Amino acid sequence: MKKPRTIIRIGRQTLTFALPENPEATGGSKRGAKVMLEPYTVKSGMSMAANLREAFKESALLAIPNERVHVIIDTPTLILPIEEFDENNMEELYRYTFPGGIHEVIVHHVMPELNCVAVFAINKDVRLVVTDHFDNVRITPVDSHVWRHLHERSHSGQTKKLYAFFHEGRISVAGFSKNRFRFVNTFTTNEVADSTYYLLYVWQLLAMDQKKDELYIVGDIPAEEELKTELRKYVQNVFQINPSAEFNRDPVTQIPNVTYDLICLCES
């Protein structure tokens, strides 16, 4: 059984390292496995690559020998249908959608469960630091692990469901239809009024029923009670996902300040 990958989570202004215990300790299952989690204090005035270099000198978790790493990165992501994906033009499409980023390399991640490919960017220097320390590197966007879990979750019941994942000042909004995205987009805001507007706009765009269908919010939600109050003025069924209840009080959900995308990754 392969040793679990070291996980490096790269946020907009944050760095977090994690290492699940070997699945042999829990009979070959990731469920119930403990996870070592180590947030790293990012130094202002230094690039993320420079911070990561320093972390390799200072982090106890990164000092644990491992050849395999899974980097998850909070970055704008372009979703393409798998049947229309062409690696030869993915960079052109990405840079047209998200201009700028000349110091970035464009990579992709296939999501067969949703019949799509996620195209995203990672800073060239950050990738170089990672490849200098690990032989086997996997890179995915943070949203992808949440999307996978929410897609599985969406199959329960007969009602349509819309999901909003809040993280680092952004809302990733997703809805699913069978094995495809029905809607996916990301909005930048920390304000309740803006969050309410964006979510209700998508709700109306998808012609969802305000009395029957369901809206779920999860993650680092600013003013969560105020947001739920505002949303419930227009949508009857608004629910907040509790990670501990969602994953049956799995040990990873009990770690203070663990992000929802890390939970979903460790549970996948």
# chains A, B, ... in the order shown; residues from 1 in each chain; ligands from 1

$ select_by_dssp --residues "region 194-254 of chain A" --states "strand (DSSP E or B)" --output "NGL selection string"
:A and (214-219 or 237-240)

$ write_last_selection --atoms "all heavy atoms" --output "short mmCIF file (atom, residue, chain, number, x, y, z; two decimals), in the first residue's frame"
data_model
loop_
_atom_site.label_atom_id
_atom_site.label_comp_id
_atom_site.auth_asym_id
_atom_site.auth_seq_id
_atom_site.Cartn_x
_atom_site.Cartn_y
_atom_site.Cartn_z
N GLU A 214 -33.28 23.31 -3.12
CA GLU A 214 -32.45 23.49 -1.92
C GLU A 214 -31.15 24.23 -2.24
O GLU A 214 -30.51 23.98 -3.26
CB GLU A 214 -32.13 22.12 -1.31
CG GLU A 214 -33.37 21.36 -0.90
CD GLU A 214 -33.10 19.91 -0.53
OE1 GLU A 214 -31.96 19.43 -0.76
OE2 GLU A 214 -34.03 19.25 -0.02
N LEU A 215 -30.78 25.11 -1.32
CA LEU A 215 -29.54 25.87 -1.43
C LEU A 215 -28.66 25.54 -0.23
O LEU A 215 -29.09 25.66 0.92
CB LEU A 215 -29.84 27.38 -1.46
CG LEU A 215 -28.65 28.34 -1.38
CD1 LEU A 215 -27.66 28.11 -2.52
CD2 LEU A 215 -29.14 29.79 -1.40
N TYR A 216 -27.43 25.10 -0.50
CA TYR A 216 -26.51 24.71 0.56
C TYR A 216 -25.29 25.63 0.55
O TYR A 216 -24.74 25.93 -0.51
CB TYR A 216 -26.03 23.27 0.35
CG TYR A 216 -27.11 22.24 0.59
CD1 TYR A 216 -27.97 21.88 -0.44
CD2 TYR A 216 -27.27 21.62 1.83
CE1 TYR A 216 -28.96 20.93 -0.24
CE2 TYR A 216 -28.26 20.68 2.04
CZ TYR A 216 -29.10 20.34 1.01
OH TYR A 216 -30.08 19.40 1.21
N ILE A 217 -24.87 26.06 1.75
CA ILE A 217 -23.67 26.88 1.88
C ILE A 217 -22.69 26.15 2.80
O ILE A 217 -23.08 25.44 3.72
CB ILE A 217 -23.99 28.29 2.42
CG1 ILE A 217 -24.68 28.23 3.79
CG2 ILE A 217 -24.86 29.06 1.43
CD1 ILE A 217 -24.92 29.59 4.42
N VAL A 218 -21.40 26.32 2.51
CA VAL A 218 -20.38 25.60 3.27
C VAL A 218 -19.07 26.36 3.19
O VAL A 218 -18.85 27.15 2.27
CB VAL A 218 -20.21 24.15 2.73
CG1 VAL A 218 -19.63 24.16 1.32
CG2 VAL A 218 -19.37 23.30 3.66
N GLY A 219 -18.20 26.12 4.17
CA GLY A 219 -16.87 26.74 4.14
C GLY A 219 -16.74 27.87 5.13
O GLY A 219 -17.44 27.94 6.14
N ASN A 237 -35.66 26.72 1.40
CA ASN A 237 -34.79 25.66 1.91
C ASN A 237 -33.32 26.04 1.78
O ASN A 237 -32.67 25.76 0.77
CB ASN A 237 -35.06 24.36 1.15
CG ASN A 237 -36.48 23.88 1.33
OD1 ASN A 237 -36.98 23.79 2.45
ND2 ASN A 237 -37.16 23.59 0.23
N VAL A 238 -32.81 26.72 2.80
CA VAL A 238 -31.40 27.12 2.85
C VAL A 238 -30.74 26.37 4.01
O VAL A 238 -31.21 26.44 5.15
CB VAL A 238 -31.24 28.64 3.07
CG1 VAL A 238 -29.77 29.02 3.17
CG2 VAL A 238 -31.91 29.41 1.94
N PHE A 239 -29.66 25.66 3.71
CA PHE A 239 -29.00 24.84 4.72
C PHE A 239 -27.50 25.11 4.74
O PHE A 239 -26.90 25.35 3.70
CB PHE A 239 -29.23 23.35 4.44
CG PHE A 239 -30.67 22.96 4.28
CD1 PHE A 239 -31.19 22.76 3.01
CD2 PHE A 239 -31.50 22.83 5.38
CE1 PHE A 239 -32.52 22.41 2.84
CE2 PHE A 239 -32.84 22.48 5.22
CZ PHE A 239 -33.35 22.27 3.95
N GLN A 240 -26.92 25.04 5.93
CA GLN A 240 -25.47 25.13 6.06
C GLN A 240 -24.92 23.75 6.34
O GLN A 240 -25.39 23.05 7.25
CB GLN A 240 -25.09 26.09 7.20
CG GLN A 240 -23.58 26.26 7.36
CD GLN A 240 -23.23 27.29 8.42
OE1 GLN A 240 -24.11 27.96 8.98
NE2 GLN A 240 -21.96 27.43 8.72
#

$ residues_around --residues "region 161-169 of chain A" --least-positions-apart "5" --cutoff "9 Å" --atoms "only C-alpha atoms" --output "JSON, numbers by chain"
{"A": [11, 12, 13, 74, 143, 146, 150, 154, 174, 175, 176, 183, 187, 188, 189, 190, 191, 199, 202, 203, 208, 213, 214, 215, 216, 217, 218, 219, 220, 221, 222, 259, 260]}

$ write_last_selection --atoms "N, CA and C atoms" --output "mmCIF file, in the first residue's frame"
data_model
loop_
_atom_site.group_PDB
_atom_site.id
_atom_site.type_symbol
_atom_site.label_atom_id
_atom_site.label_comp_id
_atom_site.auth_asym_id
_atom_site.auth_seq_id
_atom_site.Cartn_x
_atom_site.Cartn_y
_atom_site.Cartn_z
ATOM 1 N N GLY A 11 -3.036 28.781 -0.563
ATOM 2 C CA GLY A 11 -4.129 29.728 -0.673
ATOM 3 C C GLY A 11 -3.651 31.046 -1.256
ATOM 4 N N ARG A 12 -4.549 32.029 -1.263
ATOM 5 C CA ARG A 12 -4.157 33.343 -1.786
ATOM 6 C C ARG A 12 -3.067 33.966 -0.917
ATOM 7 N N GLN A 13 -3.233 33.861 0.409
ATOM 8 C CA GLN A 13 -2.239 34.407 1.330
ATOM 9 C C GLN A 13 -1.919 33.410 2.435
ATOM 10 N N ASP A 74 -5.434 27.450 -4.610
ATOM 11 C CA ASP A 74 -6.593 28.322 -4.783
ATOM 12 C C ASP A 74 -6.286 29.281 -5.923
ATOM 13 N N ASP A 143 -10.936 23.782 -5.417
ATOM 14 C CA ASP A 143 -12.364 23.600 -5.646
ATOM 15 C C ASP A 143 -12.695 22.191 -6.124
ATOM 16 N N VAL A 146 -13.931 19.679 -3.532
ATOM 17 C CA VAL A 146 -15.254 20.039 -3.027
ATOM 18 C C VAL A 146 -16.310 19.707 -4.070
ATOM 19 N N LEU A 150 -19.570 17.357 -3.493
ATOM 20 C CA LEU A 150 -20.911 17.920 -3.626
ATOM 21 C C LEU A 150 -21.672 17.252 -4.773
ATOM 22 N N SER A 154 -25.236 15.445 -4.396
ATOM 23 C CA SER A 154 -26.391 15.974 -5.119
ATOM 24 C C SER A 154 -27.335 14.878 -5.594
ATOM 25 N N ALA A 174 -21.909 26.036 -7.553
ATOM 26 C CA ALA A 174 -22.001 24.887 -8.455
ATOM 27 C C ALA A 174 -23.358 24.215 -8.338
ATOM 28 N N GLY A 175 -23.857 23.792 -9.475
ATOM 29 C CA GLY A 175 -25.040 22.956 -9.541
ATOM 30 C C GLY A 175 -24.764 21.828 -10.518
ATOM 31 N N PHE A 176 -25.418 20.684 -10.321
ATOM 32 C CA PHE A 176 -25.104 19.509 -11.118
ATOM 33 C C PHE A 176 -26.361 18.924 -11.762
ATOM 34 N N PHE A 183 -24.151 24.266 -13.640
ATOM 35 C CA PHE A 183 -23.639 25.637 -13.516
ATOM 36 C C PHE A 183 -22.379 25.588 -12.675
ATOM 37 N N PHE A 187 -17.334 33.896 -7.639
ATOM 38 C CA PHE A 187 -17.522 35.325 -7.403
ATOM 39 C C PHE A 187 -16.634 35.753 -6.244
ATOM 40 N N THR A 188 -16.095 36.956 -6.330
ATOM 41 C CA THR A 188 -15.220 37.485 -5.283
ATOM 42 C C THR A 188 -15.977 38.482 -4.424
ATOM 43 N N THR A 189 -16.137 38.180 -3.162
ATOM 44 C CA THR A 189 -16.797 39.094 -2.229
ATOM 45 C C THR A 189 -16.679 38.574 -0.799
ATOM 46 N N ASN A 190 -16.738 39.492 0.156
ATOM 47 C CA ASN A 190 -16.845 39.159 1.578
ATOM 48 C C ASN A 190 -18.108 39.757 2.177
ATOM 49 N N GLU A 191 -18.934 40.384 1.333
ATOM 50 C CA GLU A 191 -20.105 41.106 1.808
ATOM 51 C C GLU A 191 -21.364 40.247 1.707
ATOM 52 N N LEU A 199 -25.920 34.661 -5.341
ATOM 53 C CA LEU A 199 -26.584 33.368 -5.203
ATOM 54 C C LEU A 199 -28.012 33.407 -5.729
ATOM 55 N N VAL A 202 -27.964 33.393 -9.590
ATOM 56 C CA VAL A 202 -27.777 32.053 -10.152
ATOM 57 C C VAL A 202 -29.045 31.225 -9.971
ATOM 58 N N TRP A 203 -29.672 31.349 -8.812
ATOM 59 C CA TRP A 203 -30.917 30.627 -8.534
ATOM 60 C C TRP A 203 -31.970 30.950 -9.600
ATOM 61 N N MET A 208 -34.749 27.761 -10.589
ATOM 62 C CA MET A 208 -34.975 26.857 -9.471
ATOM 63 C C MET A 208 -36.201 27.295 -8.674
ATOM 64 N N ASP A 213 -36.817 23.535 -4.145
ATOM 65 C CA ASP A 213 -35.401 23.243 -4.325
ATOM 66 C C ASP A 213 -34.565 23.708 -3.139
ATOM 67 N N GLU A 214 -33.278 23.309 -3.117
ATOM 68 C CA GLU A 214 -32.450 23.492 -1.922
ATOM 69 C C GLU A 214 -31.153 24.230 -2.240
ATOM 70 N N LEU A 215 -30.778 25.111 -1.324
ATOM 71 C CA LEU A 215 -29.536 25.875 -1.430
ATOM 72 C C LEU A 215 -28.658 25.544 -0.233
ATOM 73 N N TYR A 216 -27.434 25.103 -0.498
ATOM 74 C CA TYR A 216 -26.507 24.707 0.562
ATOM 75 C C TYR A 216 -25.288 25.635 0.550
ATOM 76 N N ILE A 217 -24.870 26.058 1.746
ATOM 77 C CA ILE A 217 -23.673 26.881 1.879
ATOM 78 C C ILE A 217 -22.686 26.152 2.796
ATOM 79 N N VAL A 218 -21.401 26.316 2.506
ATOM 80 C CA VAL A 218 -20.383 25.597 3.270
ATOM 81 C C VAL A 218 -19.069 26.361 3.188
ATOM 82 N N GLY A 219 -18.195 26.124 4.166
ATOM 83 C CA GLY A 219 -16.872 26.737 4.139
ATOM 84 C C GLY A 219 -16.736 27.872 5.130
ATOM 85 N N ASP A 220 -15.818 28.776 4.828
ATOM 86 C CA ASP A 220 -15.533 29.927 5.691
ATOM 87 C C ASP A 220 -16.499 31.048 5.320
ATOM 88 N N ILE A 221 -17.684 31.027 5.909
ATOM 89 C CA ILE A 221 -18.785 31.906 5.503
ATOM 90 C C ILE A 221 -18.779 33.173 6.355
ATOM 91 N N PRO A 222 -18.578 34.345 5.745
ATOM 92 C CA PRO A 222 -18.635 35.590 6.521
ATOM 93 C C PRO A 222 -20.075 35.859 6.979
ATOM 94 N N THR A 259 -9.723 23.494 6.518
ATOM 95 C CA THR A 259 -10.592 23.979 5.448
ATOM 96 C C THR A 259 -11.425 22.833 4.880
ATOM 97 N N TYR A 260 -12.578 23.188 4.315
ATOM 98 C CA TYR A 260 -13.496 22.173 3.806
ATOM 99 C C TYR A 260 -12.886 21.410 2.632
#

$ select_by_dssp --residues "region 8-210 of chain A" --states "alpha helix (DSSP H)" --output "PDB file with N, CA and C atoms, in the first residue's frame"
ATOM      1  N   MET A  48       5.108  33.862  -2.631  1.00  0.00           N
ATOM      2  CA  MET A  48       4.685  32.559  -2.123  1.00  0.00           C
ATOM      3  C   MET A  48       5.777  31.523  -2.323  1.00  0.00           C
ATOM      4  N   ALA A  49       6.520  31.628  -3.431  1.00  0.00           N
ATOM      5  CA  ALA A  49       7.618  30.689  -3.665  1.00  0.00           C
ATOM      6  C   ALA A  49       8.699  30.832  -2.592  1.00  0.00           C
ATOM      7  N   ALA A  50       9.029  32.084  -2.241  1.00  0.00           N
ATOM      8  CA  ALA A  50      10.038  32.322  -1.204  1.00  0.00           C
ATOM      9  C   ALA A  50       9.546  31.813   0.148  1.00  0.00           C
ATOM     10  N   ASN A  51       8.268  32.015   0.443  1.00  0.00           N
ATOM     11  CA  ASN A  51       7.705  31.489   1.683  1.00  0.00           C
ATOM     12  C   ASN A  51       7.784  29.962   1.721  1.00  0.00           C
ATOM     13  N   LEU A  52       7.513  29.345   0.582  1.00  0.00           N
ATOM     14  CA  LEU A  52       7.549  27.886   0.537  1.00  0.00           C
ATOM     15  C   LEU A  52       8.975  27.369   0.726  1.00  0.00           C
ATOM     16  N   ARG A  53       9.946  28.073   0.163  1.00  0.00           N
ATOM     17  CA  ARG A  53      11.345  27.689   0.367  1.00  0.00           C
ATOM     18  C   ARG A  53      11.703  27.752   1.851  1.00  0.00           C
ATOM     19  N   GLU A  54      11.274  28.821   2.527  1.00  0.00           N
ATOM     20  CA  GLU A  54      11.529  28.958   3.962  1.00  0.00           C
ATOM     21  C   GLU A  54      10.836  27.853   4.741  1.00  0.00           C
ATOM     22  N   ALA A  55       9.618  27.512   4.305  1.00  0.00           N
ATOM     23  CA  ALA A  55       8.859  26.479   5.009  1.00  0.00           C
ATOM     24  C   ALA A  55       9.591  25.139   4.984  1.00  0.00           C
ATOM     25  N   PHE A  56      10.257  24.825   3.887  1.00  0.00           N
ATOM     26  CA  PHE A  56      10.990  23.571   3.816  1.00  0.00           C
ATOM     27  C   PHE A  56      12.159  23.537   4.810  1.00  0.00           C
ATOM     28  N   LYS A  57      12.619  24.708   5.228  1.00  0.00           N
ATOM     29  CA  LYS A  57      13.681  24.775   6.232  1.00  0.00           C
ATOM     30  C   LYS A  57      13.121  24.707   7.653  1.00  0.00           C
ATOM     31  N   GLU A  58      11.849  25.133   7.821  1.00  0.00           N
ATOM     32  CA  GLU A  58      11.295  25.317   9.165  1.00  0.00           C
ATOM     33  C   GLU A  58      10.227  24.301   9.555  1.00  0.00           C
ATOM     34  N   MET A  90      -5.350  24.796 -24.646  1.00  0.00           N
ATOM     35  CA  MET A  90      -5.878  25.108 -23.313  1.00  0.00           C
ATOM     36  C   MET A  90      -5.266  26.391 -22.747  1.00  0.00           C
ATOM     37  N   GLU A  91      -3.978  26.639 -23.022  1.00  0.00           N
ATOM     38  CA  GLU A  91      -3.353  27.845 -22.496  1.00  0.00           C
ATOM     39  C   GLU A  91      -3.949  29.090 -23.134  1.00  0.00           C
ATOM     40  N   GLU A  92      -4.212  29.045 -24.436  1.00  0.00           N
ATOM     41  CA  GLU A  92      -4.819  30.181 -25.126  1.00  0.00           C
ATOM     42  C   GLU A  92      -6.203  30.482 -24.559  1.00  0.00           C
ATOM     43  N   LEU A  93      -6.995  29.448 -24.345  1.00  0.00           N
ATOM     44  CA  LEU A  93      -8.337  29.632 -23.789  1.00  0.00           C
ATOM     45  C   LEU A  93      -8.274  30.179 -22.370  1.00  0.00           C
ATOM     46  N   TYR A  94      -7.331  29.649 -21.580  1.00  0.00           N
ATOM     47  CA  TYR A  94      -7.218  30.099 -20.189  1.00  0.00           C
ATOM     48  C   TYR A  94      -6.810  31.568 -20.112  1.00  0.00           C
ATOM     49  N   ARG A  95      -5.809  31.949 -20.889  1.00  0.00           N
ATOM     50  CA  ARG A  95      -5.325  33.330 -20.816  1.00  0.00           C
ATOM     51  C   ARG A  95      -6.325  34.312 -21.418  1.00  0.00           C
ATOM     52  N   TYR A  96      -7.157  33.840 -22.317  1.00  0.00           N
ATOM     53  CA  TYR A  96      -8.242  34.690 -22.830  1.00  0.00           C
ATOM     54  C   TYR A  96      -9.287  34.919 -21.745  1.00  0.00           C
ATOM     55  N   THR A  97      -9.559  33.863 -20.963  1.00  0.00           N
ATOM     56  CA  THR A  97     -10.565  33.952 -19.891  1.00  0.00           C
ATOM     57  C   THR A  97     -10.026  34.695 -18.680  1.00  0.00           C
ATOM     58  N   LYS A 124       5.257  29.689 -11.688  1.00  0.00           N
ATOM     59  CA  LYS A 124       6.394  28.882 -12.146  1.00  0.00           C
ATOM     60  C   LYS A 124       7.389  28.620 -11.025  1.00  0.00           C
ATOM     61  N   ASP A 125       7.675  29.644 -10.212  1.00  0.00           N
ATOM     62  CA  ASP A 125       8.657  29.476  -9.140  1.00  0.00           C
ATOM     63  C   ASP A 125       8.143  28.542  -8.053  1.00  0.00           C
ATOM     64  N   VAL A 126       6.827  28.627  -7.774  1.00  0.00           N
ATOM     65  CA  VAL A 126       6.233  27.731  -6.780  1.00  0.00           C
ATOM     66  C   VAL A 126       6.359  26.280  -7.252  1.00  0.00           C
ATOM     67  N   ARG A 127       6.035  26.040  -8.515  1.00  0.00           N
ATOM     68  CA  ARG A 127       6.145  24.670  -9.033  1.00  0.00           C
ATOM     69  C   ARG A 127       7.584  24.177  -8.991  1.00  0.00           C
ATOM     70  N   LEU A 128       8.536  25.067  -9.271  1.00  0.00           N
ATOM     71  CA  LEU A 128       9.947  24.684  -9.243  1.00  0.00           C
ATOM     72  C   LEU A 128      10.370  24.268  -7.830  1.00  0.00           C
ATOM     73  N   VAL A 129       9.916  25.025  -6.822  1.00  0.00           N
ATOM     74  CA  VAL A 129      10.243  24.679  -5.435  1.00  0.00           C
ATOM     75  C   VAL A 129       9.695  23.298  -5.096  1.00  0.00           C
ATOM     76  N   VAL A 130       8.460  23.033  -5.519  1.00  0.00           N
ATOM     77  CA  VAL A 130       7.830  21.745  -5.228  1.00  0.00           C
ATOM     78  C   VAL A 130       8.579  20.609  -5.920  1.00  0.00           C
ATOM     79  N   THR A 131       8.880  20.780  -7.217  1.00  0.00           N
ATOM     80  CA  THR A 131       9.541  19.700  -7.957  1.00  0.00           C
ATOM     81  C   THR A 131      10.989  19.492  -7.508  1.00  0.00           C
ATOM     82  N   ASP A 132      11.573  20.496  -6.888  1.00  0.00           N
ATOM     83  CA  ASP A 132      12.917  20.341  -6.327  1.00  0.00           C
ATOM     84  C   ASP A 132      12.920  19.406  -5.117  1.00  0.00           C
ATOM     85  N   HIS A 133      11.772  19.292  -4.441  1.00  0.00           N
ATOM     86  CA  HIS A 133      11.705  18.528  -3.193  1.00  0.00           C
ATOM     87  C   HIS A 133      10.951  17.208  -3.316  1.00  0.00           C
ATOM     88  N   VAL A 142      -8.147  23.721  -5.489  1.00  0.00           N
ATOM     89  CA  VAL A 142      -8.836  23.382  -4.240  1.00  0.00           C
ATOM     90  C   VAL A 142     -10.310  23.070  -4.479  1.00  0.00           C
ATOM     91  N   ASP A 143     -10.936  23.782  -5.417  1.00  0.00           N
ATOM     92  CA  ASP A 143     -12.364  23.600  -5.646  1.00  0.00           C
ATOM     93  C   ASP A 143     -12.695  22.191  -6.124  1.00  0.00           C
ATOM     94  N   SER A 144     -11.782  21.542  -6.831  1.00  0.00           N
ATOM     95  CA  SER A 144     -12.105  20.273  -7.486  1.00  0.00           C
ATOM     96  C   SER A 144     -12.523  19.201  -6.489  1.00  0.00           C
ATOM     97  N   HIS A 145     -11.925  19.190  -5.312  1.00  0.00           N
ATOM     98  CA  HIS A 145     -12.241  18.155  -4.322  1.00  0.00           C
ATOM     99  C   HIS A 145     -13.602  18.418  -3.675  1.00  0.00           C
ATOM    100  N   VAL A 146     -13.931  19.679  -3.532  1.00  0.00           N
ATOM    101  CA  VAL A 146     -15.254  20.039  -3.027  1.00  0.00           C
ATOM    102  C   VAL A 146     -16.310  19.707  -4.070  1.00  0.00           C
ATOM    103  N   TRP A 147     -16.041  20.026  -5.337  1.00  0.00           N
ATOM    104  CA  TRP A 147     -16.994  19.714  -6.407  1.00  0.00           C
ATOM    105  C   TRP A 147     -17.300  18.226  -6.448  1.00  0.00           C
ATOM    106  N   ARG A 148     -16.255  17.400  -6.340  1.00  0.00           N
ATOM    107  CA  ARG A 148     -16.470  15.948  -6.381  1.00  0.00           C
ATOM    108  C   ARG A 148     -17.422  15.506  -5.264  1.00  0.00           C
ATOM    109  N   HIS A 149     -17.149  15.992  -4.068  1.00  0.00           N
ATOM    110  CA  HIS A 149     -17.988  15.590  -2.938  1.00  0.00           C
ATOM    111  C   HIS A 149     -19.419  16.098  -3.103  1.00  0.00           C
ATOM    112  N   LEU A 150     -19.570  17.357  -3.493  1.00  0.00           N
ATOM    113  CA  LEU A 150     -20.911  17.920  -3.626  1.00  0.00           C
ATOM    114  C   LEU A 150     -21.672  17.252  -4.773  1.00  0.00           C
ATOM    115  N   HIS A 151     -20.951  16.855  -5.812  1.00  0.00           N
ATOM    116  CA  HIS A 151     -21.605  16.138  -6.906  1.00  0.00           C
ATOM    117  C   HIS A 151     -22.173  14.811  -6.406  1.00  0.00           C
ATOM    118  N   GLU A 152     -21.394  14.064  -5.633  1.00  0.00           N
ATOM    119  CA  GLU A 152     -21.896  12.812  -5.052  1.00  0.00           C
ATOM    120  C   GLU A 152     -23.101  13.080  -4.159  1.00  0.00           C
ATOM    121  N   ARG A 153     -23.023  14.153  -3.409  1.00  0.00           N
ATOM    122  CA  ARG A 153     -24.085  14.511  -2.472  1.00  0.00           C
ATOM    123  C   ARG A 153     -25.378  14.889  -3.196  1.00  0.00           C
ATOM    124  N   VAL A 192     -22.199  40.318   2.743  1.00  0.00           N
ATOM    125  CA  VAL A 192     -23.446  39.550   2.762  1.00  0.00           C
ATOM    126  C   VAL A 192     -24.360  39.971   1.613  1.00  0.00           C
ATOM    127  N   ALA A 193     -24.472  41.265   1.390  1.00  0.00           N
ATOM    128  CA  ALA A 193     -25.366  41.758   0.333  1.00  0.00           C
ATOM    129  C   ALA A 193     -24.937  41.232  -1.033  1.00  0.00           C
ATOM    130  N   ASP A 194     -23.636  41.263  -1.317  1.00  0.00           N
ATOM    131  CA  ASP A 194     -23.138  40.774  -2.597  1.00  0.00           C
ATOM    132  C   ASP A 194     -23.316  39.261  -2.724  1.00  0.00           C
ATOM    133  N   SER A 195     -23.033  38.542  -1.643  1.00  0.00           N
ATOM    134  CA  SER A 195     -23.194  37.088  -1.662  1.00  0.00           C
ATOM    135  C   SER A 195     -24.640  36.717  -1.936  1.00  0.00           C
ATOM    136  N   THR A 196     -25.548  37.414  -1.273  1.00  0.00           N
ATOM    137  CA  THR A 196     -26.977  37.169  -1.478  1.00  0.00           C
ATOM    138  C   THR A 196     -27.358  37.430  -2.923  1.00  0.00           C
ATOM    139  N   TYR A 197     -26.875  38.542  -3.468  1.00  0.00           N
ATOM    140  CA  TYR A 197     -27.199  38.905  -4.856  1.00  0.00           C
ATOM    141  C   TYR A 197     -26.706  37.846  -5.830  1.00  0.00           C
ATOM    142  N   TYR A 198     -25.442  37.430  -5.691  1.00  0.00           N
ATOM    143  CA  TYR A 198     -24.874  36.451  -6.618  1.00  0.00           C
ATOM    144  C   TYR A 198     -25.638  35.131  -6.564  1.00  0.00           C
ATOM    145  N   LEU A 199     -25.920  34.661  -5.341  1.00  0.00           N
ATOM    146  CA  LEU A 199     -26.584  33.368  -5.203  1.00  0.00           C
ATOM    147  C   LEU A 199     -28.012  33.407  -5.729  1.00  0.00           C
ATOM    148  N   LEU A 200     -28.719  34.486  -5.474  1.00  0.00           N
ATOM    149  CA  LEU A 200     -30.090  34.594  -5.975  1.00  0.00           C
ATOM    150  C   LEU A 200     -30.113  34.788  -7.488  1.00  0.00           C
ATOM    151  N   TYR A 201     -29.103  35.448  -8.022  1.00  0.00           N
ATOM    152  CA  TYR A 201     -29.000  35.606  -9.477  1.00  0.00           C
ATOM    153  C   TYR A 201     -28.858  34.235 -10.142  1.00  0.00           C
ATOM    154  N   VAL A 202     -27.964  33.393  -9.590  1.00  0.00           N
ATOM    155  CA  VAL A 202     -27.777  32.053 -10.152  1.00  0.00           C
ATOM    156  C   VAL A 202     -29.045  31.225  -9.971  1.00  0.00           C
ATOM    157  N   TRP A 203     -29.672  31.349  -8.812  1.00  0.00           N
ATOM    158  CA  TRP A 203     -30.917  30.627  -8.534  1.00  0.00           C
ATOM    159  C   TRP A 203     -31.970  30.950  -9.600  1.00  0.00           C
ATOM    160  N   GLN A 204     -32.106  32.227  -9.892  1.00  0.00           N
ATOM    161  CA  GLN A 204     -33.087  32.658 -10.892  1.00  0.00           C
ATOM    162  C   GLN A 204     -32.663  32.210 -12.292  1.00  0.00           C
ATOM    163  N   LEU A 205     -31.370  32.305 -12.587  1.00  0.00           N
ATOM    164  CA  LEU A 205     -30.854  31.909 -13.888  1.00  0.00           C
ATOM    165  C   LEU A 205     -31.161  30.445 -14.189  1.00  0.00           C
TER     166      LEU A 205
END

$ atom_distance --atom1 "CA of Glu267 (chain A)" --atom2 "CA of Thr16 (chain A)"
17.1 Å

$ residues_around --residues "region 246-254 of chain A" --least-positions-apart "5" --cutoff "12 Å" --atoms "only C-alpha atoms" --output "list in words"
Ala18, Leu19, Pro20, Glu21, Thr26, Lys30, Arg31, Gly32, Ala33, Lys34, Val35, Met36, Leu37, His149, Leu150, Arg153, Val218, Gln240, Ile241, Thr259, Tyr260, Asp261, Leu262, Ile263, Cys264, Leu265, Cys266, Glu267 and Ser268 of chain A

$ residues_around --residues "region 81-89 of chain A" --least-positions-apart "6" --cutoff "6 Å" --atoms "only C-alpha atoms" --output "PyMOL selection string"
chain A and resi 115-117

$ closest_residue --among "A:Ala223, A:His108, A:Leu231, A:Leu80" --to "Phe181 (chain A)" --atoms "only C-alpha atoms"
A:Leu80

$ closest_residue --among "A:Thr14, A:Leu62, A:Glu67, A:Ile171" --to "Lys43 (chain A)" --atoms "only C-alpha atoms"
A:Thr14
